[in-house]
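Have a look at protein01.txt; it's compact mmCIF, C-alpha atoms:
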# COMPACT_ATOMS: atom_id res chain seq x y z
CA MET F 1 72.80 72.64 126.04
CA LYS F 2 70.17 71.89 123.45
CA ARG F 3 69.73 75.61 122.83
CA THR F 4 73.46 76.09 122.35
CA SER F 5 73.57 73.19 119.90
CA SER F 6 70.71 74.74 117.93
CA ILE F 7 72.50 78.07 117.74
CA VAL F 8 75.76 76.42 116.59
CA ALA F 9 73.88 74.35 114.01
CA GLY F 10 72.08 77.47 112.78
CA LEU F 11 75.33 79.39 112.44
CA LEU F 12 76.95 76.48 110.59
CA ALA F 13 73.99 76.26 108.24
CA LEU F 14 74.23 79.99 107.56
CA ALA F 15 77.93 79.67 106.83
CA VAL F 16 77.57 76.86 104.31
CA LEU F 17 74.34 78.00 102.69
CA PRO F 18 74.96 78.89 99.05
CA GLY F 19 74.55 82.59 98.54
CA ALA F 20 75.27 83.40 102.17
CA PRO F 21 75.81 87.14 102.43
CA ALA F 22 79.57 86.87 103.07
CA ALA F 23 80.08 84.65 100.07
CA ALA F 24 77.85 86.78 97.87
CA GLN F 25 79.84 89.88 98.72
CA ALA F 26 83.27 88.31 98.13
CA PRO F 27 85.01 90.53 95.60
CA ALA F 28 85.89 89.03 92.25
CA PRO F 29 89.62 88.32 91.99
CA ALA F 30 91.46 91.18 90.33
CA PRO F 31 93.01 90.40 86.94
CA TRP F 32 96.80 90.78 86.65
CA LEU F 33 98.75 91.47 83.51
CA HIS F 34 102.04 89.56 83.46
CA VAL F 35 105.05 90.19 81.28
CA ARG F 36 108.02 87.82 81.28
CA VAL F 37 111.15 88.54 79.29
CA GLU F 38 113.86 85.93 79.60
CA GLU F 39 117.30 85.74 78.04
CA PRO F 40 118.74 82.40 79.20
CA GLU F 41 122.12 83.02 77.60
CA ARG F 42 122.60 86.18 79.64
CA GLN F 43 120.89 84.57 82.65
CA SER F 44 118.59 87.55 82.62
CA ARG F 45 114.95 87.50 83.65
CA VAL F 46 112.51 90.37 83.89
CA HIS F 47 109.11 89.71 85.39
CA VAL F 48 106.50 92.45 85.61
CA ASN F 49 103.12 91.80 87.20
CA LEU F 50 100.61 94.61 87.33
CA PRO F 51 96.97 94.71 88.35
CA LEU F 52 95.01 95.54 85.20
CA SER F 53 93.52 98.51 87.04
CA VAL F 54 97.01 99.99 87.33
CA VAL F 55 97.75 99.24 83.66
CA GLU F 56 94.62 101.14 82.68
CA VAL F 57 95.84 104.16 84.56
CA ALA F 58 99.47 103.78 83.50
CA LEU F 59 98.60 103.54 79.82
CA LYS F 60 97.75 107.18 79.89
CA ALA F 61 101.51 107.68 80.24
CA ALA F 62 102.16 106.87 76.61
CA PRO F 63 103.38 110.03 74.94
CA ASP F 64 101.23 112.50 73.11
CA ILE F 65 99.51 109.80 71.06
CA ILE F 66 97.11 109.02 73.89
CA GLU F 67 94.37 111.45 74.56
CA SER F 68 92.74 112.01 77.89
CA GLN F 69 89.91 109.60 77.11
CA GLY F 70 92.38 106.82 76.39
CA LYS F 71 92.22 106.90 72.63
CA ILE F 72 95.22 106.61 70.34
CA ARG F 73 95.58 108.40 67.05
CA PHE F 74 96.04 106.01 64.18
CA GLY F 75 97.78 106.52 60.82
CA ARG F 76 97.37 109.83 59.02
CA HIS F 77 101.09 110.55 59.22
CA GLY F 78 101.99 109.09 55.89
CA HIS F 79 102.30 105.54 57.24
CA GLY F 80 99.90 102.74 57.85
CA MET F 81 96.23 102.60 57.03
CA ALA F 82 93.54 105.13 57.84
CA LEU F 83 91.54 103.80 60.74
CA ALA F 84 88.26 104.19 58.86
CA ASP F 85 89.58 101.84 56.15
CA PHE F 86 90.87 99.42 58.73
CA ARG F 87 87.51 99.48 60.51
CA ARG F 88 85.71 98.64 57.26
CA LEU F 89 88.18 95.85 56.54
CA TRP F 90 87.72 94.45 60.03
CA THR F 91 83.92 94.46 59.69
CA GLU F 92 84.22 92.31 56.59
CA LEU F 93 86.83 89.99 58.07
CA ARG F 94 84.78 89.60 61.21
CA ALA F 95 81.75 88.51 59.21
CA ALA F 96 83.86 85.95 57.33
CA GLY F 97 84.23 83.76 60.42
CA ASP F 98 87.18 81.40 60.81
CA ALA F 99 89.60 82.01 57.99
CA GLU F 100 93.21 82.66 57.18
CA LEU F 101 93.33 86.39 56.71
CA VAL F 102 96.95 86.89 55.70
CA SER F 103 99.67 84.46 54.69
CA VAL F 104 103.13 85.60 53.68
CA GLU F 105 105.97 83.24 52.86
CA ASP F 106 109.41 84.68 52.40
CA GLY F 107 112.32 82.29 52.31
CA ASP F 108 112.25 80.29 55.53
CA GLU F 109 109.91 82.78 57.18
CA ARG F 110 106.17 82.37 57.23
CA VAL F 111 103.70 84.90 58.65
CA ARG F 112 100.07 83.97 59.12
CA VAL F 113 97.18 86.00 60.46
CA ALA F 114 94.04 83.99 61.00
CA ARG F 115 90.73 84.14 62.76
CA ARG F 116 90.11 81.12 64.97
CA GLY F 117 86.91 81.19 66.99
CA ASP F 118 86.94 84.30 69.12
CA LEU F 119 90.63 84.92 68.55
CA VAL F 120 92.74 86.61 65.92
CA GLU F 121 96.04 84.77 65.77
CA VAL F 122 99.31 86.06 64.40
CA ARG F 123 102.01 83.44 63.96
CA VAL F 124 105.50 83.92 62.67
CA GLU F 125 107.54 80.81 61.91
CA ARG F 126 111.18 80.68 60.95
CA SER F 127 112.66 77.44 59.64
CA GLY F 128 109.51 75.63 60.70
CA LYS F 129 109.84 76.82 64.29
CA GLU F 130 107.20 79.10 65.76
CA GLU F 131 108.88 82.26 66.99
CA VAL F 132 106.03 84.67 67.49
CA HIS F 133 102.51 83.86 68.57
CA VAL F 134 100.08 86.66 69.27
CA GLU F 135 96.48 86.02 70.23
CA VAL F 136 94.08 88.93 70.30
CA PRO F 137 90.47 88.27 71.25
CA VAL F 138 87.98 89.43 68.63
CA ASP F 139 86.17 91.36 71.37
CA VAL F 140 89.33 93.32 72.08
CA VAL F 141 89.70 94.30 68.41
CA ASP F 142 86.02 95.28 68.36
CA ALA F 143 86.53 97.41 71.45
CA LEU F 144 89.73 98.91 70.07
CA LEU F 145 87.89 99.95 66.91
CA SER F 146 84.87 101.29 68.77
CA GLY F 147 86.32 104.81 68.83
CA GLU F 148 85.28 107.42 66.36
CA GLY F 149 87.23 108.90 63.47
CA GLU F 150 90.97 108.35 63.60
CA GLU F 151 91.12 107.08 67.15
CA LEU F 152 91.61 103.69 68.72
CA ASN F 153 89.61 103.16 71.89
CA VAL F 154 92.31 101.78 74.18
CA LYS F 155 90.16 102.23 77.24
CA ALA F 156 87.43 100.00 75.85
CA ALA F 157 90.02 97.45 74.70
CA LEU F 158 91.46 97.28 78.20
CA ALA F 159 87.99 96.92 79.67
CA SER F 160 87.47 94.04 77.29
CA LEU F 161 90.79 92.48 78.35
CA ARG F 162 89.43 92.38 81.89
CA ASN F 163 87.45 89.30 80.87
CA ARG F 164 90.37 87.67 79.09
CA ARG F 165 92.43 84.99 80.84
CA GLY F 166 95.45 83.31 79.31
CA ASP F 167 98.25 84.13 76.88
CA ILE F 168 98.10 87.23 74.74
CA VAL F 169 101.59 87.30 73.31
CA ARG F 170 104.32 84.67 73.10
CA VAL F 171 107.59 85.37 71.36
CA ASN F 172 110.33 82.74 71.23
CA GLU F 173 113.44 83.92 69.51
CA ASP F 174 116.90 82.40 69.56
CA LYS F 175 118.05 84.24 72.63
CA THR F 176 114.94 85.88 74.02
CA SER F 177 111.51 84.72 75.03
CA VAL F 178 108.64 87.06 75.84
CA ARG F 179 105.31 86.06 77.27
CA VAL F 180 102.40 88.36 78.09
CA TRP F 181 99.30 86.95 79.71
CA ILE F 182 96.46 87.73 82.07
CA ASP F 183 95.32 85.69 85.04
CA GLU F 184 94.05 86.20 88.54
CA ARG F 185 97.23 85.24 90.36
CA ASN F 186 100.21 87.31 91.32
CA MET C 1 113.39 106.99 147.64
CA VAL C 2 110.07 108.64 146.87
CA LYS C 3 111.91 111.82 145.89
CA LEU C 4 114.17 109.87 143.53
CA MET C 5 111.16 108.18 141.96
CA ALA C 6 109.45 111.53 141.55
CA VAL C 7 112.55 113.01 139.90
CA LEU C 8 112.95 110.01 137.56
CA SER C 9 109.27 109.88 136.70
CA VAL C 10 109.42 113.22 134.84
CA PRO C 11 112.01 112.23 132.20
CA ALA C 12 110.47 108.76 132.04
CA ALA C 13 107.05 110.23 131.31
CA LEU C 14 108.60 112.60 128.78
CA LEU C 15 110.38 109.70 127.07
CA ALA C 16 107.18 107.69 127.01
CA ALA C 17 105.30 110.64 125.50
CA VAL C 18 107.94 111.13 122.80
CA ALA C 19 108.03 107.39 122.08
CA SER C 20 104.26 107.22 121.83
CA LEU C 21 104.33 110.04 119.29
CA GLY C 22 106.99 108.25 117.24
CA VAL C 23 110.70 108.51 116.67
CA VAL C 24 112.69 108.61 113.43
CA VAL C 25 115.98 106.79 113.96
CA VAL C 26 119.03 107.07 111.72
CA ASP C 27 121.48 104.30 112.54
CA VAL C 28 124.87 104.30 110.80
CA ARG C 29 127.37 101.52 111.44
CA GLU C 30 130.79 101.63 109.86
CA GLY C 31 132.22 98.28 108.89
CA GLY C 32 135.51 96.85 109.96
CA PRO C 33 137.14 96.61 113.34
CA GLY C 34 136.81 99.81 115.28
CA GLY C 35 134.11 101.10 112.93
CA THR C 36 132.06 103.84 114.50
CA ARG C 37 128.35 103.71 115.10
CA ILE C 38 126.15 106.77 115.09
CA VAL C 39 122.52 106.60 116.15
CA VAL C 40 120.42 109.73 115.77
CA PRO C 41 116.89 109.47 117.16
CA VAL C 42 114.64 112.35 116.19
CA PRO C 43 111.18 112.56 117.73
CA LEU C 44 108.64 112.35 114.93
CA PHE C 45 106.87 115.52 116.02
CA VAL C 46 110.19 117.41 115.86
CA ALA C 47 110.78 116.12 112.31
CA GLN C 48 107.20 117.03 111.40
CA THR C 49 107.49 120.50 112.93
CA ALA C 50 110.83 121.08 111.20
CA LEU C 51 109.31 119.99 107.90
CA SER C 52 106.35 122.29 108.28
CA LEU C 53 108.71 125.22 108.91
CA VAL C 54 110.72 124.73 105.72
CA PRO C 55 110.28 127.85 103.56
CA ALA C 56 108.11 127.25 100.49
CA ASP C 57 110.83 128.33 98.05
CA LYS C 58 113.10 125.57 99.35
CA THR C 59 110.58 122.88 98.49
CA ARG C 60 109.91 123.98 94.94
CA VAL C 61 111.39 121.77 92.23
CA ASP C 62 111.99 122.63 88.60
CA LEU C 63 109.72 120.18 86.84
CA ASP C 64 110.22 121.20 83.24
CA ARG C 65 108.53 118.55 81.05
CA ALA C 66 107.86 116.23 83.97
CA ALA C 67 105.03 118.51 85.11
CA GLU C 68 102.59 117.14 82.57
CA HIS C 69 103.09 113.61 83.88
CA LEU C 70 102.51 114.44 87.54
CA PRO C 71 98.73 113.94 87.57
CA LEU C 72 99.33 110.57 85.96
CA ALA C 73 101.99 109.63 88.50
CA ARG C 74 99.51 110.51 91.22
CA GLU C 75 96.80 108.39 89.59
CA VAL C 76 99.16 105.43 89.19
CA LEU C 77 100.19 105.63 92.84
CA GLU C 78 96.55 105.84 93.90
CA ALA C 79 95.64 102.88 91.66
CA LEU C 80 98.55 100.93 93.16
CA ALA C 81 97.40 101.77 96.66
CA ASP C 82 93.87 100.58 95.86
CA GLY C 83 95.10 97.51 93.98
CA PRO C 84 95.84 94.05 95.32
CA ASP C 85 99.12 93.13 97.00
CA GLY C 86 101.80 91.18 95.20
CA GLU C 87 105.17 91.13 93.51
CA LEU C 88 105.19 93.81 90.84
CA VAL C 89 108.66 93.61 89.40
CA ARG C 90 111.51 91.11 89.51
CA VAL C 91 114.68 91.63 87.53
CA GLU C 92 117.39 89.01 87.83
CA GLU C 93 120.75 89.26 86.20
CA PRO C 94 124.05 87.67 87.15
CA GLY C 95 125.14 89.39 90.33
CA GLU C 96 122.07 91.59 90.68
CA ARG C 97 118.47 91.21 91.72
CA VAL C 98 115.76 93.87 91.94
CA VAL C 99 112.39 93.08 93.45
CA ILE C 100 109.48 95.46 93.99
CA VAL C 101 106.58 94.22 96.06
CA LYS C 102 103.39 95.96 97.08
CA GLU C 103 102.41 94.97 100.57
CA GLY C 104 99.43 96.78 102.03
CA ALA C 105 100.09 100.50 101.82
CA VAL C 106 103.83 100.07 101.38
CA LEU C 107 105.98 99.58 98.29
CA ARG C 108 109.01 97.44 99.17
CA VAL C 109 112.01 97.78 96.89
CA ARG C 110 114.96 95.42 97.32
CA VAL C 111 118.15 95.64 95.32
CA VAL C 112 120.75 92.97 95.95
CA GLY C 113 124.11 93.32 94.22
CA ARG C 114 127.43 91.56 94.58
CA ASP C 115 128.53 93.76 97.43
CA GLU C 116 125.40 95.60 98.44
CA ASP C 117 121.95 94.99 99.73
CA VAL C 118 119.49 97.88 99.65
CA THR C 119 115.95 97.79 100.98
CA VAL C 120 113.66 100.80 100.66
CA ASN C 121 110.13 100.65 101.98
CA VAL C 122 108.02 103.50 100.70
CA PRO C 123 104.63 104.07 102.30
CA LEU C 124 102.42 104.97 99.33
CA ALA C 125 100.89 107.83 101.33
CA LEU C 126 104.37 109.26 101.80
CA ALA C 127 105.15 108.89 98.08
CA LEU C 128 101.88 110.65 97.21
CA ALA C 129 102.62 113.45 99.67
CA ALA C 130 106.12 113.85 98.21
CA LEU C 131 104.76 114.48 94.71
CA PRO C 132 104.96 118.15 93.82
CA ASP C 133 101.89 119.98 92.58
CA GLU C 134 101.61 121.32 89.03
CA ARG C 135 103.77 124.35 89.96
CA GLY C 136 106.52 122.08 91.28
CA GLN C 137 105.70 122.82 94.89
CA VAL C 138 106.14 120.00 97.40
CA SER C 139 103.93 120.55 100.40
CA PRO C 140 106.01 120.20 103.59
CA LEU C 141 102.78 120.12 105.59
CA LEU C 142 101.43 117.17 103.63
CA LEU C 143 104.80 115.46 103.88
CA ALA C 144 104.90 116.05 107.62
CA GLY C 145 101.42 114.57 107.98
CA ALA C 146 102.31 111.58 105.82
CA LEU C 147 105.38 110.85 107.94
CA GLY C 148 102.94 109.71 110.57
CA THR C 149 101.82 106.89 108.26
CA ALA C 150 105.38 105.60 108.17
CA ARG C 151 105.40 104.57 111.81
CA PHE C 152 106.85 101.13 112.56
CA THR C 153 108.42 101.06 109.10
CA ASP C 154 112.05 100.41 108.18
CA LEU C 155 112.30 103.12 105.55
CA VAL C 156 115.83 102.44 104.37
CA ASP C 157 118.28 99.64 105.01
CA VAL C 158 121.56 99.79 103.10
CA ARG C 159 124.42 97.33 103.52
CA SER C 160 127.41 98.11 101.40
CA GLY C 161 130.74 96.46 102.05
CA GLY C 162 130.85 96.31 105.79
CA ASP C 163 128.80 99.47 106.30
CA HIS C 164 125.21 99.45 107.38
CA VAL C 165 122.81 102.38 107.30
CA LYS C 166 119.30 102.08 108.57
CA VAL C 167 116.52 104.65 108.80
CA TYR C 168 113.36 103.61 110.53
CA VAL C 169 110.33 105.16 112.12
CA TRP C 170 109.40 103.71 115.46

As structure tokens, the full file:
Amino acid sequence: MKRTSSIVAGLLALAVLPGAPAAAQAPAPAPWLHVRVEEPERQSRVHVNLPLSVVEVALKAAPDIIESQGKIRFGRHGHGMALADFRRLWTELRAAGDAELVSVEDGDERVRVARRGDLVEVRVERSGKEEVHVEVPVDVVDALLSGEGEELNVKAALASLRNRRGDIVRVNEDKTSVRVWIDERN
Amino acid sequence: MVKLMAVLSVPAALLAAVASLGVVVVDVREGGPGGTRIVVPVPLFVAQTALSLVPADKTRVDLDRAAEHLPLAREVLEALADGPDGELVRVEEPGERVVIVKEGAVLRVRVVGRDEDVTVNVPLALALAALPDERGQVSPLLLAGALGTARFTDLVDVRSGGDHVKVYVW
């Protein structure tokens, strides 16, 4: 009896010991990317939840702009800014720390791009009401710009998003709301 | 009595052997009073053998521009198979609901409309086997092998009006 009790006690101790092998080997929860698009007036809701690992693979599906290594061509087609210039601009903005980077006011619309801590925030307000809110972690921009030449490194950006939890994009328009976020729940 | 048992034991053993190897059942029920019901059980090994005998030219599909996306489709399916379970898609509109859930090695698709209810359960191994290669060739052998992974799965369940069609592998 005493021997049995000792064995049970030993097993219990093993089970609750911090760093017990089973606990140490428990896999980290997989991050999920969630997209919600809701149109209350039409009573329409679209919810997409994908493991980030699947998103990484699926992103290769974007048309010709994505190369096999997961890099997107940027500019050079008469529109936008050459990536090299953008990279230089980003390096300077990054060093500036928290600051309002862009502010545009046009009638009742106000667009602001600002660096706040480790986030780059884009906010669009109409008539004093926030309609678009995009938060991109600085790390993700760094990763995105880590490609060479005229390429964005989408693969690295996605890898960086693996550590991100919370909202990435929130859009609230009159009739539509969109939310994109990452967490560890389905 | 012993003779009768001996005679009955042969078909019983045969039935047991077929059942143990699996059976694909197509069950069609017509709605309304006097609606007919047709049940077609096909032993899995017969379906597999038939599949493996399909001539190669009959299982070639014209891929056109889709060919370049096939490796990606394969990778996405493999990533899905390796990924965690959960609800992947939910679309709700008045009178219609579409839900896609990954559960183990099966993708469950449910479409519920005003007058229809469709459930399709796709074993991911079967979906992978059904993908053509870069020349547009679907391998009947691979497909036949993958059918085995669909055992104990309700592949299709369609209710439309009063009709009910069910395909399952037992």

Exercise answer, chain F residues close to chain C, 7 Å and all atoms listed in the file, as a list in words: Gln43, Ser44, Arg45, Val46, His47, Val48, Asn49, Leu50, Pro51, Ser53, Val54, Val57, Ala58, Ala61 and Asn186 of chain F

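Residues lying within 10 Å of region 91-96 of chain F, counting all atoms listed in the file and ignoring same-chain neighbours fewer than 2 positions away, are Asp85, Phe86, Arg87, Arg88, Leu89, Asp98, Ala99, Glu100, Leu101, Ala114, Arg115, Asp118, Val120, Val138, Val141, Asp142 and Leu145 of chain F.
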
Contacts of Phe152 (chain C) within 8 Å, only C-alpha atoms, excl. fewer than 2 positions in-chain, as a PyMOL selection string: chain C and resi 150+154+168-170

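CA of Pro123 (chain C) lies 14.5 Å from CA of Val24 (chain C).
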
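Omitting Arg164 (chain F) and its sequence neighbours fewer than 2 positions away, and counting only C-alpha atoms, the residues within 10 Å are Pro31, Val136, Pro137, Asp139, Val140, Leu158, Ala159, Ser160, Leu161, Arg162, Gly166, Asp167, Ile168, Trp181, Ile182 and Asp183 of chain F.
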
All residues 9 Å or closer to region 105-108 of chain F, all atoms listed in the file, same chain fewer than 6 positions away omitted, as an MDAnalysis selection string: chainID F and resid 125:128

Write a file of the selected residues as a compact mmCIF listing (two decimals), in the coordinates of the input, keeping C-alpha atoms.
# COMPACT_ATOMS: atom_id res chain seq x y z
CA GLU F 125 107.54 80.81 61.91
CA ARG F 126 111.18 80.68 60.95
CA SER F 127 112.66 77.44 59.64
CA GLY F 128 109.51 75.63 60.70

Distance of CA of Pro29 (chain F) from CA of Glu184 (chain F), expressed in Å to one decimal place: 6.0 Å

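CA of Arg159 (chain C) is found 5.1 Å from CA of Asp117 (chain C).
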
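Comparing the minimum interatomic distances between Val165 (chain C) and each of C:Ala67, C:Val25, C:Val111, C:Ala105, counting all atoms listed in the file, we find that C:Val25 sits nearest.
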